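Visitor: Sharing a structure below in structure tokens format, with a few things to ask.
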Amino acid sequence: MPLRNPFRLGVFTRLVDDIPPAELYARALELFTAAEELGFDTGWVAQHHLHDQGGLPSPLVFLTAAAARTTRLRLGTGIITLPLESPFRLAEDAAVLDALSGGRLELGFGTGGGDLVFSVFGRRAEDRRDTYEQALKAVRDALSGKEPVPGAPPLFPPADTLGDRLWEATFGVAGAVRAARNGSGLLLARTALSPVPDGRPEPPRVPLGTAQHPLASAYLEHWERPDATPRIGLSRSVYVAPSRAEALADAEDGFRRFAATAGETAARRTQDDAHVGSPQDVIASLGADRLLPLASDLIIQVHSIDPSHEKTLRSLELIATEVAPALGWRPGRDDGLRAGPETAPERGATTTRSRPEEGHPQ
């Protein structure tokens, strides 16, 4: 498997603070501008309807504001729930944002969540996968300049290069194969526990990189585009403080709050998969992740710890100045998609955990 080094460094925010919306969005915009100043390569947001897991139903609107406040940071959606969208209309909005941002949009899609959201939009959750496939094809066709219907003019503004910056998120091998065959980037979550309540059992409790390795392997094995490089976006929960003691105290409070709303199983999985500690702790923890050598993008977030805004910004700075450089990242370089000829080394089967002998999620 190809080794990608250096990787691009991204920051992801779920916008979960319990504050008025205007302040919530202002904080997220400050996070993005701080990330750009620190040399981060990408900033990511996710779409969440009904405010159940995040406060951003309209990610392209938010990223338009972010584009006006930044000049270099690439702007990503991880993800937009594609089965709930009108494909051609979505392509129009994405094309306008890409033009306004100078070609900085990274457009990520997924099949979406539970029944309630789908019912609000008048859709059937059980049809999500078929609807997703149809919508993805329609978006790709629109971005490539195909006529939406015979005799109709193509998408305006044109966005033919945006089709090479699409990503797909999945929790399963079949989805990873689909992303490879579509020529999309692969987005891997901060946890291996699927949020979709479809009866799948909780995965075995193994390191996250080990649990997700079959997805990355299948994606790379089924990549079919000789004119493009495969892309793997690795989302990880990372919180860094000056000392291990402070980081663990903040994390304990955060996981307790998360458990109260998400349940003990999700909180336990999140805690197991999170990279928490001093800079040296997190360098060791992330460095032991089996998938890091395969990643084109490392995308960090503080969820589900969710410390104060000030501590989140401090963690961002410690990651940019101490943690990521020790892992091979260089600030302000957008060459993380370059594939090297080497074969990625095998990592150990265990990762450094959030505690002295332990590790971390999406």
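Ligands are numbered from 1 in the order shown, residues from 1 within each chain, and chains are lettered A, B, ... in the order they appear in the structure tokens.
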Step one, run DSSP on the backbone; step two, keep only residues of segment 11-151 of chain A assigned to alpha helix (DSSP H); then write them as an MDAnalysis selection string.
Guide: chainID A and resid 21:37 59:69 87:100 115:120 128:143
Visitor: Find the spatial neighbours of Asp115 of chain A, counting only C-alpha atoms, within a cut-off of 9 Å - ignore same-chain residues fewer than 5 positions away - and output them as number ranges by chain.
Guide: A: 120, 123-126
Visitor: Determine, counting only C-alpha atoms, which protein, DNA and RNA residues have an atom within 10 Å of an atom of Gly183 of chain A; residues of the same chain fewer than 3 positions away are not included. Present the result as a PyMOL selection string.
Guide: chain A and resi 163-168+177-180+186+219+222-231
Visitor: Write out as a list in words the residues lying within 6 Å of segment 292-307 of chain A, counting only C-alpha atoms and excluding same-chain residues fewer than 2 positions away.
Guide: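 In the requested format, the answer is Leu3, Arg4, Phe7, Arg8, Leu9, Gly10, Val11, Phe12, Arg231, Ile232, Gly233, Leu234, Ser235, Arg236, Ser237, Val238, Tyr239, Ala251, Gly254, Phe255, Asp289, Arg290, Gly336, Leu337 and Ala344 of chain A.
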Visitor: Those same residues - N, CA, C and O atoms - I'd like them written as a tab-separated table (two decimals), in the first residue's frame.
Guide:
chain	number	residue	atom	x	y	z
A	3	LEU	N	2.57	4.80	0.78
A	3	LEU	CA	2.77	5.65	1.95
A	3	LEU	C	2.56	7.10	1.54
A	3	LEU	O	3.18	7.58	0.60
A	4	ARG	N	1.70	7.81	2.25
A	4	ARG	CA	1.47	9.21	1.96
A	4	ARG	C	2.07	10.03	3.08
A	4	ARG	O	1.59	9.99	4.20
A	7	PHE	N	1.15	14.30	5.22
A	7	PHE	CA	-0.29	14.37	5.10
A	7	PHE	C	-0.75	15.82	5.22
A	7	PHE	O	-0.01	16.68	5.71
A	8	ARG	N	-1.98	16.08	4.77
A	8	ARG	CA	-2.60	17.37	5.05
A	8	ARG	C	-3.22	17.30	6.45
A	8	ARG	O	-3.72	16.27	6.87
A	9	LEU	N	-3.19	18.42	7.14
A	9	LEU	CA	-3.75	18.49	8.49
A	9	LEU	C	-5.04	19.31	8.46
A	9	LEU	O	-5.07	20.44	7.95
A	10	GLY	N	-6.11	18.71	9.00
A	10	GLY	CA	-7.40	19.39	9.01
A	10	GLY	C	-7.98	19.49	10.40
A	10	GLY	O	-7.62	18.72	11.30
A	11	VAL	N	-8.90	20.43	10.56
A	11	VAL	CA	-9.66	20.56	11.80
A	11	VAL	C	-11.13	20.41	11.47
A	11	VAL	O	-11.60	20.89	10.44
A	12	PHE	N	-11.84	19.72	12.35
A	12	PHE	CA	-13.27	19.45	12.15
A	12	PHE	C	-14.03	19.97	13.37
A	12	PHE	O	-13.58	19.79	14.52
A	231	ARG	N	-7.35	8.96	-1.96
A	231	ARG	CA	-7.29	9.87	-0.82
A	231	ARG	C	-8.02	9.23	0.36
A	231	ARG	O	-9.16	8.80	0.22
A	232	ILE	N	-7.37	9.20	1.50
A	232	ILE	CA	-7.99	8.68	2.72
A	232	ILE	C	-7.94	9.76	3.78
A	232	ILE	O	-6.87	10.20	4.20
A	233	GLY	N	-9.11	10.21	4.20
A	233	GLY	CA	-9.23	11.20	5.26
A	233	GLY	C	-9.49	10.50	6.58
A	233	GLY	O	-10.52	9.86	6.77
A	234	LEU	N	-8.55	10.64	7.49
A	234	LEU	CA	-8.60	9.95	8.78
A	234	LEU	C	-9.07	10.93	9.85
A	234	LEU	O	-8.36	11.87	10.20
A	235	SER	N	-10.29	10.77	10.33
A	235	SER	CA	-10.82	11.64	11.37
A	235	SER	C	-10.52	11.04	12.73
A	235	SER	O	-10.79	9.86	12.96
A	236	ARG	N	-9.97	11.85	13.62
A	236	ARG	CA	-9.60	11.37	14.95
A	236	ARG	C	-9.93	12.42	16.00
A	236	ARG	O	-9.76	13.62	15.77
A	237	SER	N	-10.41	11.97	17.16
A	237	SER	CA	-10.65	12.86	18.29
A	237	SER	C	-9.32	13.08	18.99
A	237	SER	O	-8.68	12.12	19.43
A	238	VAL	N	-8.91	14.33	19.09
A	238	VAL	CA	-7.60	14.67	19.65
A	238	VAL	C	-7.77	15.87	20.57
A	238	VAL	O	-8.34	16.90	20.18
A	239	TYR	N	-7.28	15.73	21.79
A	239	TYR	CA	-7.25	16.87	22.71
A	239	TYR	C	-5.91	16.90	23.41
A	239	TYR	O	-5.52	15.93	24.07
A	251	ALA	N	-10.91	15.74	29.83
A	251	ALA	CA	-11.54	14.66	29.07
A	251	ALA	C	-12.56	13.92	29.91
A	251	ALA	O	-13.63	13.53	29.41
A	254	GLY	N	-15.67	15.85	29.89
A	254	GLY	CA	-16.32	15.81	28.59
A	254	GLY	C	-17.00	14.49	28.31
A	254	GLY	O	-18.13	14.45	27.83
A	255	PHE	N	-16.33	13.37	28.63
A	255	PHE	CA	-16.92	12.06	28.38
A	255	PHE	C	-18.14	11.83	29.27
A	255	PHE	O	-19.10	11.16	28.87
A	289	ASP	N	-1.17	4.74	15.41
A	289	ASP	CA	-2.37	4.44	14.62
A	289	ASP	C	-1.96	3.75	13.33
A	289	ASP	O	-1.20	4.29	12.52
A	290	ARG	N	-2.47	2.58	13.11
A	290	ARG	CA	-2.07	1.75	11.96
A	290	ARG	C	-2.39	2.40	10.62
A	290	ARG	O	-1.75	2.09	9.60
A	336	GLY	N	-0.31	16.95	0.58
A	336	GLY	CA	-0.57	15.71	1.30
A	336	GLY	C	-1.26	14.65	0.48
A	336	GLY	O	-1.43	13.53	0.95
A	337	LEU	N	-1.65	14.97	-0.76
A	337	LEU	CA	-2.28	13.96	-1.60
A	337	LEU	C	-1.27	13.22	-2.45
A	337	LEU	O	-1.61	12.31	-3.18
A	344	ALA	N	3.64	0.93	2.98
A	344	ALA	CA	3.41	1.40	4.35
A	344	ALA	C	3.83	0.34	5.35
A	344	ALA	O	3.51	-0.83	5.20
Visitor: I'd like to know which of A:His51, A:Glu310, A:Gln271, A:Arg74 is closest to Ala259 of chain A, using only C-alpha atoms.
Guide: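 Of A:His51, A:Glu310, A:Gln271, A:Arg74, the one nearest Ala259 of chain A is A:Gln271, counting only C-alpha atoms.
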Visitor: Taking only C-alpha atoms into account, which of A:Ala46, A:Leu100, A:Ala249, A:Ala138 comes nearest Glu85 of chain A?
Guide: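 Selected residue with least distance to Glu85 of chain A: A:Ala138.
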Visitor: Grab the atom CA of Leu82 of chain A to atom CA of Phe121 of chain A distance for me, in Å with one decimal place.
Guide: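 Interatomic distance, atom CA of Leu82 of chain A to atom CA of Phe121 of chain A: 12.1 Å.
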Visitor: Interatomic distance between atom CA of Arg129 of chain A and atom CA of Thr111 of chain A?
Guide: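 We find that atom CA of Arg129 of chain A and atom CA of Thr111 of chain A lie 6.3 Å from each other.
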Visitor: Could you write out, as an NGL selection string, all the residues of segment 65-131 of chain A that DSSP marks as strand (DSSP E)?
Guide: :A and (74-81 or 105-110)
Visitor: Go ahead and save the picked residues with C-alpha atoms, as a PDB file, in the first residue's frame.
Guide:
ATOM      1  CA  ARG A  74      -9.485  24.347   2.056  1.00  0.00           C
ATOM      2  CA  LEU A  75     -13.131  23.971   3.121  1.00  0.00           C
ATOM      3  CA  GLY A  76     -14.734  20.548   3.481  1.00  0.00           C
ATOM      4  CA  THR A  77     -18.092  18.963   4.223  1.00  0.00           C
ATOM      5  CA  GLY A  78     -17.798  15.769   6.201  1.00  0.00           C
ATOM      6  CA  ILE A  79     -20.602  15.102   5.452  1.00  0.00           C
ATOM      7  CA  ILE A  80     -23.673  16.333   3.583  1.00  0.00           C
ATOM      8  CA  THR A  81     -26.580  13.867   3.840  1.00  0.00           C
ATOM      9  CA  LEU A 105     -14.141  23.333  -1.656  1.00  0.00           C
ATOM     10  CA  GLU A 106     -13.807  19.640  -0.685  1.00  0.00           C
ATOM     11  CA  LEU A 107     -17.269  18.084  -0.982  1.00  0.00           C
ATOM     12  CA  GLY A 108     -17.983  15.067   1.219  1.00  0.00           C
ATOM     13  CA  PHE A 109     -21.170  12.971   1.170  1.00  0.00           C
ATOM     14  CA  GLY A 110     -22.794  10.224   3.221  1.00  0.00           C
TER      15      GLY A 110
END
Visitor: So that I can check the surroundings of Arg244 of chain A, please list as a list in words every protein, DNA and RNA residue that reaches within 8 Å of it, counting only C-alpha atoms and ignoring chain neighbours fewer than 6 positions away.
Guide: Val276, Gly277, Ser278 and Asp281 of chain A
Visitor: Can you measure atom CA of Asp93 of chain A to atom CA of Arg190 of chain A for me? One decimal in Å is fine.
Guide: 27.8 Å
Visitor: Output as a Markdown table one row per residue of segment 243-323 of chain A within 10 Å of segment 205-211 of chain A: the closest atom pair and its distance in Å to one decimal place, counting only C-alpha atoms, sorted by chain and residue number ascending.
Guide:
| residue | atom | partner | partner_atom | distance |
| --- | --- | --- | --- | --- |
| A:Arg269 | CA | A:Arg205 | CA | 8.0 |
| A:Asp272 | CA | A:Pro207 | CA | 8.2 |
| A:Asp273 | CA | A:Leu208 | CA | 6.2 |
| A:Ala274 | CA | A:Leu208 | CA | 9.3 |
| A:Leu286 | CA | A:Gly209 | CA | 9.8 |
| A:Ala288 | CA | A:Gly209 | CA | 8.7 |
| A:Asp289 | CA | A:Gly209 | CA | 5.4 |
| A:Arg290 | CA | A:Gly209 | CA | 4.9 |
| A:Leu291 | CA | A:Gly209 | CA | 5.3 |
| A:Leu292 | CA | A:Gly209 | CA | 8.1 |
Visitor: Need to verify the contact set: Ala35 of chain A, 9 Å, only C-alpha atoms, exclusion of same-chain residues closer than 2 positions in sequence. Can you return it as an MDAnalysis selection string?
Guide: chainID A and resid 10:11 30:33 37:43 73 313 316:317 320
Visitor: Leaving out Asp127 of chain A and any residue of its chain fewer than 6 positions from it, which residues lie within 12 Å of it when counting only C-alpha atoms, given as a VMD selection string?
Guide: chain A and resid 83 to 84 111 to 115 118 to 119 133 to 134
Visitor: Go ahead and save the residues from that selection, with all heavy atoms, as a PDB file, in the first residue's frame.
Guide:
ATOM      1  N   PRO A  83     -28.903  11.806   0.420  1.00  0.00           N
ATOM      2  CA  PRO A  83     -30.262  11.373   0.062  1.00  0.00           C
ATOM      3  C   PRO A  83     -31.356  12.387   0.396  1.00  0.00           C
ATOM      4  O   PRO A  83     -32.484  12.247  -0.084  1.00  0.00           O
ATOM      5  CB  PRO A  83     -30.450  10.095   0.894  1.00  0.00           C
ATOM      6  CG  PRO A  83     -29.071   9.590   1.139  1.00  0.00           C
ATOM      7  CD  PRO A  83     -28.249  10.825   1.308  1.00  0.00           C
ATOM      8  N   LEU A  84     -31.042  13.396   1.197  1.00  0.00           N
ATOM      9  CA  LEU A  84     -32.040  14.403   1.544  1.00  0.00           C
ATOM     10  C   LEU A  84     -31.935  15.658   0.681  1.00  0.00           C
ATOM     11  O   LEU A  84     -32.688  16.614   0.890  1.00  0.00           O
ATOM     12  CB  LEU A  84     -31.895  14.788   3.027  1.00  0.00           C
ATOM     13  CG  LEU A  84     -32.050  13.648   4.036  1.00  0.00           C
ATOM     14  CD1 LEU A  84     -31.906  14.174   5.458  1.00  0.00           C
ATOM     15  CD2 LEU A  84     -33.391  12.941   3.851  1.00  0.00           C
ATOM     16  N   THR A 111     -24.629   8.694   3.506  1.00  0.00           N
ATOM     17  CA  THR A 111     -26.015   8.247   3.331  1.00  0.00           C
ATOM     18  C   THR A 111     -26.943   8.775   4.403  1.00  0.00           C
ATOM     19  O   THR A 111     -28.160   8.759   4.212  1.00  0.00           O
ATOM     20  CB  THR A 111     -26.086   6.712   3.328  1.00  0.00           C
ATOM     21  OG1 THR A 111     -25.513   6.213   4.546  1.00  0.00           O
ATOM     22  CG2 THR A 111     -25.358   6.129   2.133  1.00  0.00           C
ATOM     23  N   GLY A 112     -26.419   9.235   5.535  1.00  0.00           N
ATOM     24  CA  GLY A 112     -27.277   9.860   6.525  1.00  0.00           C
ATOM     25  C   GLY A 112     -27.648   8.985   7.686  1.00  0.00           C
ATOM     26  O   GLY A 112     -27.169   7.864   7.832  1.00  0.00           O
ATOM     27  N   GLY A 113     -28.501   9.511   8.546  1.00  0.00           N
ATOM     28  CA  GLY A 113     -28.803   8.883   9.822  1.00  0.00           C
ATOM     29  C   GLY A 113     -30.160   8.225   9.929  1.00  0.00           C
ATOM     30  O   GLY A 113     -30.568   7.472   9.051  1.00  0.00           O
ATOM     31  N   GLY A 114     -30.879   8.540  11.014  1.00  0.00           N
ATOM     32  CA  GLY A 114     -32.042   7.768  11.413  1.00  0.00           C
ATOM     33  C   GLY A 114     -33.356   8.166  10.751  1.00  0.00           C
ATOM     34  O   GLY A 114     -33.439   9.080   9.927  1.00  0.00           O
ATOM     35  N   ASP A 115     -34.398   7.447  11.178  1.00  0.00           N
ATOM     36  CA  ASP A 115     -35.706   7.569  10.542  1.00  0.00           C
ATOM     37  C   ASP A 115     -36.330   8.949  10.710  1.00  0.00           C
ATOM     38  O   ASP A 115     -37.009   9.440   9.794  1.00  0.00           O
ATOM     39  CB  ASP A 115     -36.658   6.525  11.132  1.00  0.00           C
ATOM     40  CG  ASP A 115     -36.237   5.101  10.803  1.00  0.00           C
ATOM     41  OD1 ASP A 115     -35.322   4.947   9.972  1.00  0.00           O
ATOM     42  OD2 ASP A 115     -36.809   4.157  11.388  1.00  0.00           O
ATOM     43  N   PHE A 118     -35.264  11.593   8.139  1.00  0.00           N
ATOM     44  CA  PHE A 118     -35.786  11.263   6.818  1.00  0.00           C
ATOM     45  C   PHE A 118     -37.286  11.544   6.733  1.00  0.00           C
ATOM     46  O   PHE A 118     -37.779  12.026   5.710  1.00  0.00           O
ATOM     47  CB  PHE A 118     -35.477   9.805   6.480  1.00  0.00           C
ATOM     48  CG  PHE A 118     -34.108   9.608   5.891  1.00  0.00           C
ATOM     49  CD1 PHE A 118     -32.991   9.619   6.696  1.00  0.00           C
ATOM     50  CD2 PHE A 118     -33.937   9.432   4.526  1.00  0.00           C
ATOM     51  CE1 PHE A 118     -31.723   9.455   6.161  1.00  0.00           C
ATOM     52  CE2 PHE A 118     -32.675   9.266   3.976  1.00  0.00           C
ATOM     53  CZ  PHE A 118     -31.555   9.279   4.798  1.00  0.00           C
ATOM     54  N   SER A 119     -38.010  11.269   7.792  1.00  0.00           N
ATOM     55  CA  SER A 119     -39.454  11.513   7.760  1.00  0.00           C
ATOM     56  C   SER A 119     -39.768  13.001   7.681  1.00  0.00           C
ATOM     57  O   SER A 119     -40.732  13.407   7.031  1.00  0.00           O
ATOM     58  CB  SER A 119     -40.117  10.897   9.001  1.00  0.00           C
ATOM     59  OG  SER A 119     -39.692  11.544  10.192  1.00  0.00           O
ATOM     60  N   GLU A 133     -27.048   6.608  -4.281  1.00  0.00           N
ATOM     61  CA  GLU A 133     -26.373   6.278  -5.529  1.00  0.00           C
ATOM     62  C   GLU A 133     -26.898   7.138  -6.677  1.00  0.00           C
ATOM     63  O   GLU A 133     -26.123   7.644  -7.507  1.00  0.00           O
ATOM     64  CB  GLU A 133     -26.570   4.790  -5.859  1.00  0.00           C
ATOM     65  CG  GLU A 133     -25.940   3.828  -4.870  1.00  0.00           C
ATOM     66  CD  GLU A 133     -24.422   3.775  -4.994  1.00  0.00           C
ATOM     67  OE1 GLU A 133     -23.868   4.396  -5.928  1.00  0.00           O
ATOM     68  OE2 GLU A 133     -23.779   3.114  -4.160  1.00  0.00           O
ATOM     69  N   GLN A 134     -28.210   7.295  -6.740  1.00  0.00           N
ATOM     70  CA  GLN A 134     -28.806   8.092  -7.805  1.00  0.00           C
ATOM     71  C   GLN A 134     -28.396   9.562  -7.684  1.00  0.00           C
ATOM     72  O   GLN A 134     -28.060  10.215  -8.682  1.00  0.00           O
ATOM     73  CB  GLN A 134     -30.326   7.959  -7.762  1.00  0.00           C
ATOM     74  CG  GLN A 134     -30.835   6.540  -8.033  1.00  0.00           C
ATOM     75  CD  GLN A 134     -32.284   6.356  -7.619  1.00  0.00           C
ATOM     76  OE1 GLN A 134     -32.982   7.324  -7.308  1.00  0.00           O
ATOM     77  NE2 GLN A 134     -32.747   5.112  -7.626  1.00  0.00           N
TER      78      GLN A 134
END
